[in-house]
Amino acid sequence: MVDSLLIRGGRIIDPSQDMDKTGNLLIKEGKISWVGDGTPPDTDYDVLDAEGLIVCPGFIDLHCHLRQPGFEEKETIATGTLAAARGGFTTICCMPNTNPPLDNEAMINYVKTIAANEGVVRVLPIGCVTVGRKGEELVDMGELEMAGAIAYSDDGAPVSSPEIMRQALEYSRDFNRPVIDHCENLFLSHGGQINEGVVSLELGLRGIPASAEELIVKRDLDLARETGGHVHIAHVSTGGSVDLIRAAKEQGVRVTAEVTPHHLTLTEEDVIKYRTLAKVNPPLRTRQDTVALLRALNDGVIDIVATDHAPHTKADKNCEFTQAVFGISGLETALGSLAGLIFKSELSLNTLIAALTIGPARVLGYEKLGTLEIGAPADLCIFDLHKEWVVDTDKFASRGKNTPLAGQTLKGKVMATLYLGMPVYADKSMKIEAKVD
Ligand SMILES: [Zn+2]
């Protein structure tokens, strides 16, 4: 293992320090040890040339599905973390909708142990809100927190009971951990396949109205206001949700929110073309919604980008639309799909990097991550904003090949990912070798 590595000549962007400059960065013993534009104080180090590349903190994904235990045919912690490394992610937070679900100390420990032994990046487990994700009984939140759960969520499903959601916000406030809600009123979304609108009419598919999301967002904001708890709204998909979150933030409610790459870049129209590969929950909405989501990300009403990486088997998607499962495999295409927004001047590079680094670190209260401050873990993403590549799902590290981007050419490619100073992914053109695959 390389002990010291100088990353030379890159454009170093670290929104946590308002840093955007060309320079050199020295990694020593797995930590950021020096940043400057001359020669570092040490003399003994290997050199990685990053001229023309962007060097930033490794990305943090607050929302992904690793499927282990229970659904290893879709993904494992090993394959999911490899996919993360390819996507530039060095920290990923996995949702607890496994089988069995992560609703007790033993299950949190299971994920931590497998991640430590088989994972290649940091995995932070999210615990359930209710026992078995059944929505009936609150988990022992203290037990989960002690075991290492960094947030609580029944994702895949909402916390339907307002009473349980209220209790969860009260308890989690004491642990200073967010409750992440998948906002969906199941009475309104029941049987729905895609956004309720012109496309659902055209395709003859049952629609999921915007109100199915917005009613629960509204409820959660009211409960957060009342309890002082921290609610994090997962995968915001509608302009109406954005308006509610904006107003709540102005009133000082403890709310943070995320948006996915697919809700920023695709609309309901894409379902016509990509069929089940664009079937996702919440559904892809209208162009007005994506415009509102982009505006919210730019002005900070939406705090972060999270992938909602939802890997599935081919059989899960190669079927009748109504039989297909919801979800997109997103870790490996996140940067490439989002970079397109930068070229269209819909998003700034610095905002995007902040939304993938210090943004999620702040949501979690983990401000030693997502930064290139001296002494921070040397978790880095090195990417070429202008390099074109073709999305070849056969080459995905993820077992989930389910993406509407398959076969497309994207501009913006991760060239190397370093976790604790160690390369865990490197493009063939980089003069460095990944230690894992
Ligand atoms: Zn969800």
# chains A, B, ... in the order shown; residues from 1 in each chain; ligands from 1
call {"tool": "residues_near_ligand", "arguments": {"ligand": "ligand 1", "cutoff": "6 Å", "atoms": "only C-alpha atoms and all ligand atoms", "output": "PyMOL selection string"}}
result
chain A and resi 155-156+182
call {"tool": "write_last_selection", "arguments": {"atoms": "N, CA and C atoms", "output": "PDB file, in the first residue's frame"}}
result
ATOM      1  N   ASP A 155     -38.079   3.266   4.488  1.00  0.00           N
ATOM      2  CA  ASP A 155     -38.103   3.519   3.042  1.00  0.00           C
ATOM      3  C   ASP A 155     -38.473   2.292   2.220  1.00  0.00           C
ATOM      4  N   GLY A 156     -39.115   2.604   1.111  1.00  0.00           N
ATOM      5  CA  GLY A 156     -39.808   1.595   0.330  1.00  0.00           C
ATOM      6  C   GLY A 156     -41.280   1.740   0.677  1.00  0.00           C
ATOM      7  N   HIS A 182     -40.157   8.282   3.342  1.00  0.00           N
ATOM      8  CA  HIS A 182     -40.592   8.039   1.957  1.00  0.00           C
ATOM      9  C   HIS A 182     -42.050   8.480   1.946  1.00  0.00           C
TER      10      HIS A 182
END
call {"tool": "select_by_dssp", "arguments": {"residues": "region 102-222 of chain A", "states": "strand (DSSP E)", "output": "PyMOL selection string"}}
result
chain A and resi 122-125+152-153+179-181+194-195+207-208
call {"tool": "residues_around", "arguments": {"residues": "Glu388 (chain A)", "least_positions_apart": "3", "cutoff": "7 Å", "atoms": "only C-alpha atoms", "output": "list in words"}}
result
Thr409, Leu410, Lys411, Gly412 and Lys413 of chain A
call {"tool": "closest_residue", "arguments": {"among": "A:Ser345, A:Asn176, A:Gln288, A:Asn109", "to": "Gly142 (chain A)", "atoms": "only C-alpha atoms"}}
result
A:Asn176
call {"tool": "residues_around", "arguments": {"residues": "region 17-22 of chain A", "least_positions_apart": "5", "cutoff": "12 Å", "atoms": "only C-alpha atoms", "output": "short mmCIF file (atom, residue, chain, number, x, y, z; two decimals) with N, CA and C atoms, in the first residue's frame"}}
result
data_model
loop_
_atom_site.label_atom_id
_atom_site.label_comp_id
_atom_site.auth_asym_id
_atom_site.auth_seq_id
_atom_site.Cartn_x
_atom_site.Cartn_y
_atom_site.Cartn_z
N ILE A 7 -1.37 14.06 -5.20
CA ILE A 7 -2.24 14.20 -6.36
C ILE A 7 -1.94 15.57 -6.94
N ARG A 8 -1.38 15.55 -8.15
CA ARG A 8 -0.75 16.75 -8.66
C ARG A 8 -1.52 17.42 -9.79
N GLY A 9 -1.69 18.72 -9.65
CA GLY A 9 -2.15 19.54 -10.76
C GLY A 9 -3.64 19.51 -11.06
N GLY A 10 -4.43 18.98 -10.14
CA GLY A 10 -5.88 18.92 -10.38
C GLY A 10 -6.57 20.21 -9.99
N ARG A 11 -7.82 20.35 -10.43
CA ARG A 11 -8.65 21.46 -9.95
C ARG A 11 -9.34 20.95 -8.69
N ILE A 12 -8.90 21.48 -7.57
CA ILE A 12 -9.39 20.99 -6.28
C ILE A 12 -10.62 21.78 -5.87
N VAL A 35 -2.41 20.67 1.37
CA VAL A 35 -2.94 21.15 0.10
C VAL A 35 -2.23 22.45 -0.24
N GLY A 36 -1.73 22.58 -1.45
CA GLY A 36 -1.04 23.82 -1.81
C GLY A 36 -0.70 23.85 -3.29
N ASP A 37 -0.01 24.92 -3.71
CA ASP A 37 0.33 24.94 -5.14
C ASP A 37 1.83 24.76 -5.40
N GLY A 38 2.62 24.59 -4.36
CA GLY A 38 4.04 24.34 -4.55
C GLY A 38 4.38 22.89 -4.27
N ALA A 50 -3.09 14.61 -11.97
CA ALA A 50 -4.53 14.90 -12.09
C ALA A 50 -4.77 16.16 -12.94
N GLU A 51 -3.81 16.47 -13.78
CA GLU A 51 -3.97 17.66 -14.62
C GLU A 51 -5.20 17.52 -15.52
N GLY A 52 -6.01 18.56 -15.55
CA GLY A 52 -7.23 18.52 -16.36
C GLY A 52 -8.40 17.83 -15.66
N LEU A 53 -8.14 17.32 -14.47
CA LEU A 53 -9.20 16.59 -13.74
C LEU A 53 -9.67 17.39 -12.52
N ILE A 54 -10.84 17.05 -12.05
CA ILE A 54 -11.36 17.67 -10.84
C ILE A 54 -11.11 16.72 -9.66
N VAL A 55 -10.60 17.28 -8.59
CA VAL A 55 -10.33 16.51 -7.38
C VAL A 55 -11.26 17.06 -6.30
N CYS A 56 -12.13 16.21 -5.77
CA CYS A 56 -13.07 16.70 -4.76
C CYS A 56 -13.26 15.63 -3.68
N PRO A 57 -13.93 15.95 -2.59
CA PRO A 57 -14.19 14.91 -1.59
C PRO A 57 -14.97 13.76 -2.21
N LEU A 349 -21.30 23.56 -11.09
CA LEU A 349 -20.42 22.47 -10.68
C LEU A 349 -20.23 22.45 -9.16
N ASN A 350 -20.04 23.63 -8.59
CA ASN A 350 -19.82 23.70 -7.15
C ASN A 350 -21.06 23.28 -6.36
N THR A 351 -22.24 23.65 -6.85
CA THR A 351 -23.48 23.23 -6.17
C THR A 351 -23.63 21.72 -6.23
N ILE A 353 -21.26 19.44 -6.54
CA ILE A 353 -20.29 18.77 -5.66
C ILE A 353 -20.71 18.94 -4.19
N ALA A 354 -21.17 20.12 -3.82
CA ALA A 354 -21.64 20.31 -2.44
C ALA A 354 -22.79 19.37 -2.11
N THR A 357 -21.37 16.00 -1.29
CA THR A 357 -20.26 15.87 -0.33
C THR A 357 -20.63 16.47 1.03
N ILE A 358 -20.34 17.75 1.22
CA ILE A 358 -20.58 18.35 2.53
C ILE A 358 -22.09 18.42 2.86
N GLU A 367 -19.46 16.10 10.06
CA GLU A 367 -18.76 17.08 9.24
C GLU A 367 -17.27 16.80 9.06
N GLY A 370 -16.87 14.34 3.75
CA GLY A 370 -17.31 15.27 2.71
C GLY A 370 -16.49 16.53 2.65
N THR A 371 -15.25 16.47 3.16
CA THR A 371 -14.39 17.65 3.19
C THR A 371 -12.95 17.25 2.90
N LEU A 372 -12.17 18.22 2.41
CA LEU A 372 -10.73 17.98 2.19
C LEU A 372 -9.90 18.74 3.23
N GLU A 373 -10.50 19.04 4.35
CA GLU A 373 -9.74 19.72 5.40
C GLU A 373 -8.56 18.86 5.84
N ILE A 374 -7.51 19.50 6.26
CA ILE A 374 -6.33 18.77 6.73
C ILE A 374 -6.74 17.88 7.92
#
call {"tool": "residues_around", "arguments": {"residues": "Asn104 (chain A)", "least_positions_apart": "5", "cutoff": "12 Å", "atoms": "only C-alpha atoms", "output": "number ranges by chain"}}
result
A: 96, 109-111, 125-133, 138-149, 152
call {"tool": "closest_residue", "arguments": {"among": "A:Met95, A:Ala83, A:Val255, A:Leu352", "to": "Ser329 (chain A)", "atoms": "only C-alpha atoms"}}
result
A:Ala83
call {"tool": "residues_around", "arguments": {"residues": "region 428-433 of chain A", "least_positions_apart": "2", "cutoff": "12 Å", "atoms": "only C-alpha atoms", "output": "PyMOL selection string"}}
result
chain A and resi 1-2+5-7+46-51+53+382-384+387+413-418+422-426+435-437
call {"tool": "atom_distance", "arguments": {"atom1": "CA of Ser172 (chain A)", "atom2": "CA of Pro377 (chain A)"}}
result
27.2 Å
call {"tool": "closest_residue", "arguments": {"among": "A:Ala376, A:Leu293, A:Leu277, A:Ile32", "to": "Glu320 (chain A)", "atoms": "only C-alpha atoms"}}
result
A:Leu277
call {"tool": "decode", "arguments": {"residues": "region 24-74 of chain A", "atoms": "N, CA and C atoms", "output": "PDB file, in the first residue's frame"}}
result
ATOM      1  N   ASN A  24      -2.010  21.013  -5.647  1.00  0.00           N
ATOM      2  CA  ASN A  24      -1.558  19.672  -5.297  1.00  0.00           C
ATOM      3  C   ASN A  24      -2.113  19.296  -3.930  1.00  0.00           C
ATOM      4  N   LEU A  25      -2.336  18.001  -3.762  1.00  0.00           N
ATOM      5  CA  LEU A  25      -2.915  17.524  -2.509  1.00  0.00           C
ATOM      6  C   LEU A  25      -2.137  16.286  -2.071  1.00  0.00           C
ATOM      7  N   LEU A  26      -1.661  16.321  -0.838  1.00  0.00           N
ATOM      8  CA  LEU A  26      -0.873  15.193  -0.322  1.00  0.00           C
ATOM      9  C   LEU A  26      -1.702  14.360   0.654  1.00  0.00           C
ATOM     10  N   ILE A  27      -1.661  13.065   0.411  1.00  0.00           N
ATOM     11  CA  ILE A  27      -2.328  12.110   1.306  1.00  0.00           C
ATOM     12  C   ILE A  27      -1.245  11.372   2.070  1.00  0.00           C
ATOM     13  N   LYS A  28      -1.432  11.283   3.366  1.00  0.00           N
ATOM     14  CA  LYS A  28      -0.462  10.566   4.185  1.00  0.00           C
ATOM     15  C   LYS A  28      -1.220   9.729   5.208  1.00  0.00           C
ATOM     16  N   GLU A  29      -0.872   8.469   5.271  1.00  0.00           N
ATOM     17  CA  GLU A  29      -1.508   7.548   6.226  1.00  0.00           C
ATOM     18  C   GLU A  29      -3.036   7.634   6.185  1.00  0.00           C
ATOM     19  N   GLY A  30      -3.551   7.711   4.973  1.00  0.00           N
ATOM     20  CA  GLY A  30      -5.008   7.663   4.820  1.00  0.00           C
ATOM     21  C   GLY A  30      -5.731   8.959   5.107  1.00  0.00           C
ATOM     22  N   LYS A  31      -4.967  10.027   5.357  1.00  0.00           N
ATOM     23  CA  LYS A  31      -5.612  11.315   5.661  1.00  0.00           C
ATOM     24  C   LYS A  31      -5.099  12.411   4.726  1.00  0.00           C
ATOM     25  N   ILE A  32      -5.896  13.472   4.601  1.00  0.00           N
ATOM     26  CA  ILE A  32      -5.443  14.652   3.862  1.00  0.00           C
ATOM     27  C   ILE A  32      -4.379  15.305   4.725  1.00  0.00           C
ATOM     28  N   SER A  33      -3.179  15.470   4.151  1.00  0.00           N
ATOM     29  CA  SER A  33      -2.117  15.988   4.994  1.00  0.00           C
ATOM     30  C   SER A  33      -1.642  17.389   4.586  1.00  0.00           C
ATOM     31  N   TRP A  34      -1.873  17.734   3.325  1.00  0.00           N
ATOM     32  CA  TRP A  34      -1.402  19.041   2.872  1.00  0.00           C
ATOM     33  C   TRP A  34      -2.072  19.374   1.549  1.00  0.00           C
ATOM     34  N   VAL A  35      -2.408  20.675   1.373  1.00  0.00           N
ATOM     35  CA  VAL A  35      -2.943  21.150   0.097  1.00  0.00           C
ATOM     36  C   VAL A  35      -2.233  22.452  -0.236  1.00  0.00           C
ATOM     37  N   GLY A  36      -1.732  22.585  -1.454  1.00  0.00           N
ATOM     38  CA  GLY A  36      -1.039  23.823  -1.814  1.00  0.00           C
ATOM     39  C   GLY A  36      -0.703  23.851  -3.286  1.00  0.00           C
ATOM     40  N   ASP A  37      -0.009  24.920  -3.713  1.00  0.00           N
ATOM     41  CA  ASP A  37       0.335  24.940  -5.136  1.00  0.00           C
ATOM     42  C   ASP A  37       1.832  24.755  -5.404  1.00  0.00           C
ATOM     43  N   GLY A  38       2.618  24.593  -4.361  1.00  0.00           N
ATOM     44  CA  GLY A  38       4.044  24.338  -4.546  1.00  0.00           C
ATOM     45  C   GLY A  38       4.382  22.888  -4.270  1.00  0.00           C
ATOM     46  N   THR A  39       5.557  22.679  -3.686  1.00  0.00           N
ATOM     47  CA  THR A  39       5.947  21.305  -3.335  1.00  0.00           C
ATOM     48  C   THR A  39       5.598  21.066  -1.867  1.00  0.00           C
ATOM     49  N   PRO A  40       5.158  19.863  -1.570  1.00  0.00           N
ATOM     50  CA  PRO A  40       4.762  19.569  -0.185  1.00  0.00           C
ATOM     51  C   PRO A  40       5.973  19.471   0.740  1.00  0.00           C
ATOM     52  N   PRO A  41       5.741  19.564   2.031  1.00  0.00           N
ATOM     53  CA  PRO A  41       6.837  19.508   2.992  1.00  0.00           C
ATOM     54  C   PRO A  41       7.581  18.168   2.964  1.00  0.00           C
ATOM     55  N   ASP A  42       6.874  17.088   2.659  1.00  0.00           N
ATOM     56  CA  ASP A  42       7.534  15.772   2.624  1.00  0.00           C
ATOM     57  C   ASP A  42       8.273  15.604   1.293  1.00  0.00           C
ATOM     58  N   THR A  43       9.122  14.596   1.240  1.00  0.00           N
ATOM     59  CA  THR A  43       9.803  14.323  -0.022  1.00  0.00           C
ATOM     60  C   THR A  43       9.519  12.919  -0.530  1.00  0.00           C
ATOM     61  N   ASP A  44       9.027  12.054   0.326  1.00  0.00           N
ATOM     62  CA  ASP A  44       8.848  10.655  -0.048  1.00  0.00           C
ATOM     63  C   ASP A  44       7.382  10.345  -0.305  1.00  0.00           C
ATOM     64  N   TYR A  45       7.028  10.339  -1.594  1.00  0.00           N
ATOM     65  CA  TYR A  45       5.625  10.045  -1.929  1.00  0.00           C
ATOM     66  C   TYR A  45       5.538   9.600  -3.383  1.00  0.00           C
ATOM     67  N   ASP A  46       4.500   8.878  -3.685  1.00  0.00           N
ATOM     68  CA  ASP A  46       4.178   8.575  -5.079  1.00  0.00           C
ATOM     69  C   ASP A  46       3.387   9.746  -5.635  1.00  0.00           C
ATOM     70  N   VAL A  47       3.339   9.820  -6.958  1.00  0.00           N
ATOM     71  CA  VAL A  47       2.648  10.952  -7.580  1.00  0.00           C
ATOM     72  C   VAL A  47       1.556  10.436  -8.518  1.00  0.00           C
ATOM     73  N   LEU A  48       0.389  11.061  -8.412  1.00  0.00           N
ATOM     74  CA  LEU A  48      -0.694  10.778  -9.362  1.00  0.00           C
ATOM     75  C   LEU A  48      -1.009  12.079 -10.088  1.00  0.00           C
ATOM     76  N   ASP A  49      -0.875  12.031 -11.398  1.00  0.00           N
ATOM     77  CA  ASP A  49      -1.100  13.233 -12.187  1.00  0.00           C
ATOM     78  C   ASP A  49      -2.602  13.455 -12.375  1.00  0.00           C
ATOM     79  N   ALA A  50      -3.090  14.615 -11.967  1.00  0.00           N
ATOM     80  CA  ALA A  50      -4.528  14.903 -12.090  1.00  0.00           C
ATOM     81  C   ALA A  50      -4.769  16.159 -12.938  1.00  0.00           C
ATOM     82  N   GLU A  51      -3.809  16.472 -13.784  1.00  0.00           N
ATOM     83  CA  GLU A  51      -3.971  17.665 -14.619  1.00  0.00           C
ATOM     84  C   GLU A  51      -5.201  17.524 -15.516  1.00  0.00           C
ATOM     85  N   GLY A  52      -6.007  18.562 -15.547  1.00  0.00           N
ATOM     86  CA  GLY A  52      -7.229  18.524 -16.356  1.00  0.00           C
ATOM     87  C   GLY A  52      -8.395  17.827 -15.664  1.00  0.00           C
ATOM     88  N   LEU A  53      -8.143  17.319 -14.466  1.00  0.00           N
ATOM     89  CA  LEU A  53      -9.196  16.592 -13.744  1.00  0.00           C
ATOM     90  C   LEU A  53      -9.666  17.386 -12.524  1.00  0.00           C
ATOM     91  N   ILE A  54     -10.837  17.048 -12.049  1.00  0.00           N
ATOM     92  CA  ILE A  54     -11.358  17.672 -10.839  1.00  0.00           C
ATOM     93  C   ILE A  54     -11.114  16.721  -9.663  1.00  0.00           C
ATOM     94  N   VAL A  55     -10.601  17.283  -8.594  1.00  0.00           N
ATOM     95  CA  VAL A  55     -10.327  16.513  -7.381  1.00  0.00           C
ATOM     96  C   VAL A  55     -11.259  17.055  -6.302  1.00  0.00           C
ATOM     97  N   CYS A  56     -12.125  16.209  -5.767  1.00  0.00           N
ATOM     98  CA  CYS A  56     -13.073  16.697  -4.758  1.00  0.00           C
ATOM     99  C   CYS A  56     -13.255  15.626  -3.683  1.00  0.00           C
ATOM    100  N   PRO A  57     -13.933  15.955  -2.594  1.00  0.00           N
ATOM    101  CA  PRO A  57     -14.186  14.913  -1.589  1.00  0.00           C
ATOM    102  C   PRO A  57     -14.968  13.758  -2.213  1.00  0.00           C
ATOM    103  N   GLY A  58     -14.738  12.547  -1.742  1.00  0.00           N
ATOM    104  CA  GLY A  58     -15.528  11.403  -2.199  1.00  0.00           C
ATOM    105  C   GLY A  58     -16.996  11.680  -1.953  1.00  0.00           C
ATOM    106  N   PHE A  59     -17.837  11.212  -2.868  1.00  0.00           N
ATOM    107  CA  PHE A  59     -19.270  11.479  -2.737  1.00  0.00           C
ATOM    108  C   PHE A  59     -19.873  10.657  -1.587  1.00  0.00           C
ATOM    109  N   ILE A  60     -20.934  11.216  -1.033  1.00  0.00           N
ATOM    110  CA  ILE A  60     -21.687  10.547   0.036  1.00  0.00           C
ATOM    111  C   ILE A  60     -23.104  10.324  -0.478  1.00  0.00           C
ATOM    112  N   ASP A  61     -23.551   9.093  -0.435  1.00  0.00           N
ATOM    113  CA  ASP A  61     -24.931   8.805  -0.852  1.00  0.00           C
ATOM    114  C   ASP A  61     -25.765   8.471   0.373  1.00  0.00           C
ATOM    115  N   LEU A  62     -26.700   9.348   0.644  1.00  0.00           N
ATOM    116  CA  LEU A  62     -27.536   9.179   1.840  1.00  0.00           C
ATOM    117  C   LEU A  62     -28.644   8.143   1.640  1.00  0.00           C
ATOM    118  N   HIS A  63     -28.801   7.655   0.440  1.00  0.00           N
ATOM    119  CA  HIS A  63     -29.973   6.797   0.174  1.00  0.00           C
ATOM    120  C   HIS A  63     -29.654   5.769  -0.910  1.00  0.00           C
ATOM    121  N   CYS A  64     -29.342   4.544  -0.488  1.00  0.00           N
ATOM    122  CA  CYS A  64     -29.195   3.484  -1.475  1.00  0.00           C
ATOM    123  C   CYS A  64     -29.682   2.167  -0.893  1.00  0.00           C
ATOM    124  N   HIS A  65     -29.888   1.218  -1.769  1.00  0.00           N
ATOM    125  CA  HIS A  65     -30.371  -0.101  -1.363  1.00  0.00           C
ATOM    126  C   HIS A  65     -29.316  -1.138  -1.713  1.00  0.00           C
ATOM    127  N   LEU A  66     -28.792  -1.811  -0.704  1.00  0.00           N
ATOM    128  CA  LEU A  66     -27.743  -2.809  -0.946  1.00  0.00           C
ATOM    129  C   LEU A  66     -28.289  -4.241  -0.933  1.00  0.00           C
ATOM    130  N   ARG A  67     -29.534  -4.409  -0.526  1.00  0.00           N
ATOM    131  CA  ARG A  67     -30.293  -5.671  -0.705  1.00  0.00           C
ATOM    132  C   ARG A  67     -29.827  -6.866   0.115  1.00  0.00           C
ATOM    133  N   GLN A  68     -28.752  -6.706   0.868  1.00  0.00           N
ATOM    134  CA  GLN A  68     -28.254  -7.832   1.656  1.00  0.00           C
ATOM    135  C   GLN A  68     -28.501  -7.568   3.130  1.00  0.00           C
ATOM    136  N   PRO A  69     -29.100  -8.468   3.874  1.00  0.00           N
ATOM    137  CA  PRO A  69     -29.467  -9.831   3.478  1.00  0.00           C
ATOM    138  C   PRO A  69     -30.847  -9.918   2.820  1.00  0.00           C
ATOM    139  N   GLY A  70     -31.038 -11.016   2.126  1.00  0.00           N
ATOM    140  CA  GLY A  70     -32.379 -11.361   1.669  1.00  0.00           C
ATOM    141  C   GLY A  70     -32.607 -11.285   0.181  1.00  0.00           C
ATOM    142  N   PHE A  71     -31.909 -10.343  -0.488  1.00  0.00           N
ATOM    143  CA  PHE A  71     -32.166 -10.172  -1.920  1.00  0.00           C
ATOM    144  C   PHE A  71     -30.844 -10.128  -2.686  1.00  0.00           C
ATOM    145  N   GLU A  72     -29.961 -11.086  -2.366  1.00  0.00           N
ATOM    146  CA  GLU A  72     -28.607 -11.049  -2.927  1.00  0.00           C
ATOM    147  C   GLU A  72     -28.591 -11.223  -4.438  1.00  0.00           C
ATOM    148  N   GLU A  73     -29.697 -11.701  -5.020  1.00  0.00           N
ATOM    149  CA  GLU A  73     -29.733 -11.801  -6.487  1.00  0.00           C
ATOM    150  C   GLU A  73     -29.808 -10.401  -7.123  1.00  0.00           C
ATOM    151  N   LYS A  74     -30.242  -9.412  -6.332  1.00  0.00           N
ATOM    152  CA  LYS A  74     -30.325  -8.031  -6.836  1.00  0.00           C
ATOM    153  C   LYS A  74     -29.027  -7.263  -6.584  1.00  0.00           C
TER     154      LYS A  74
END
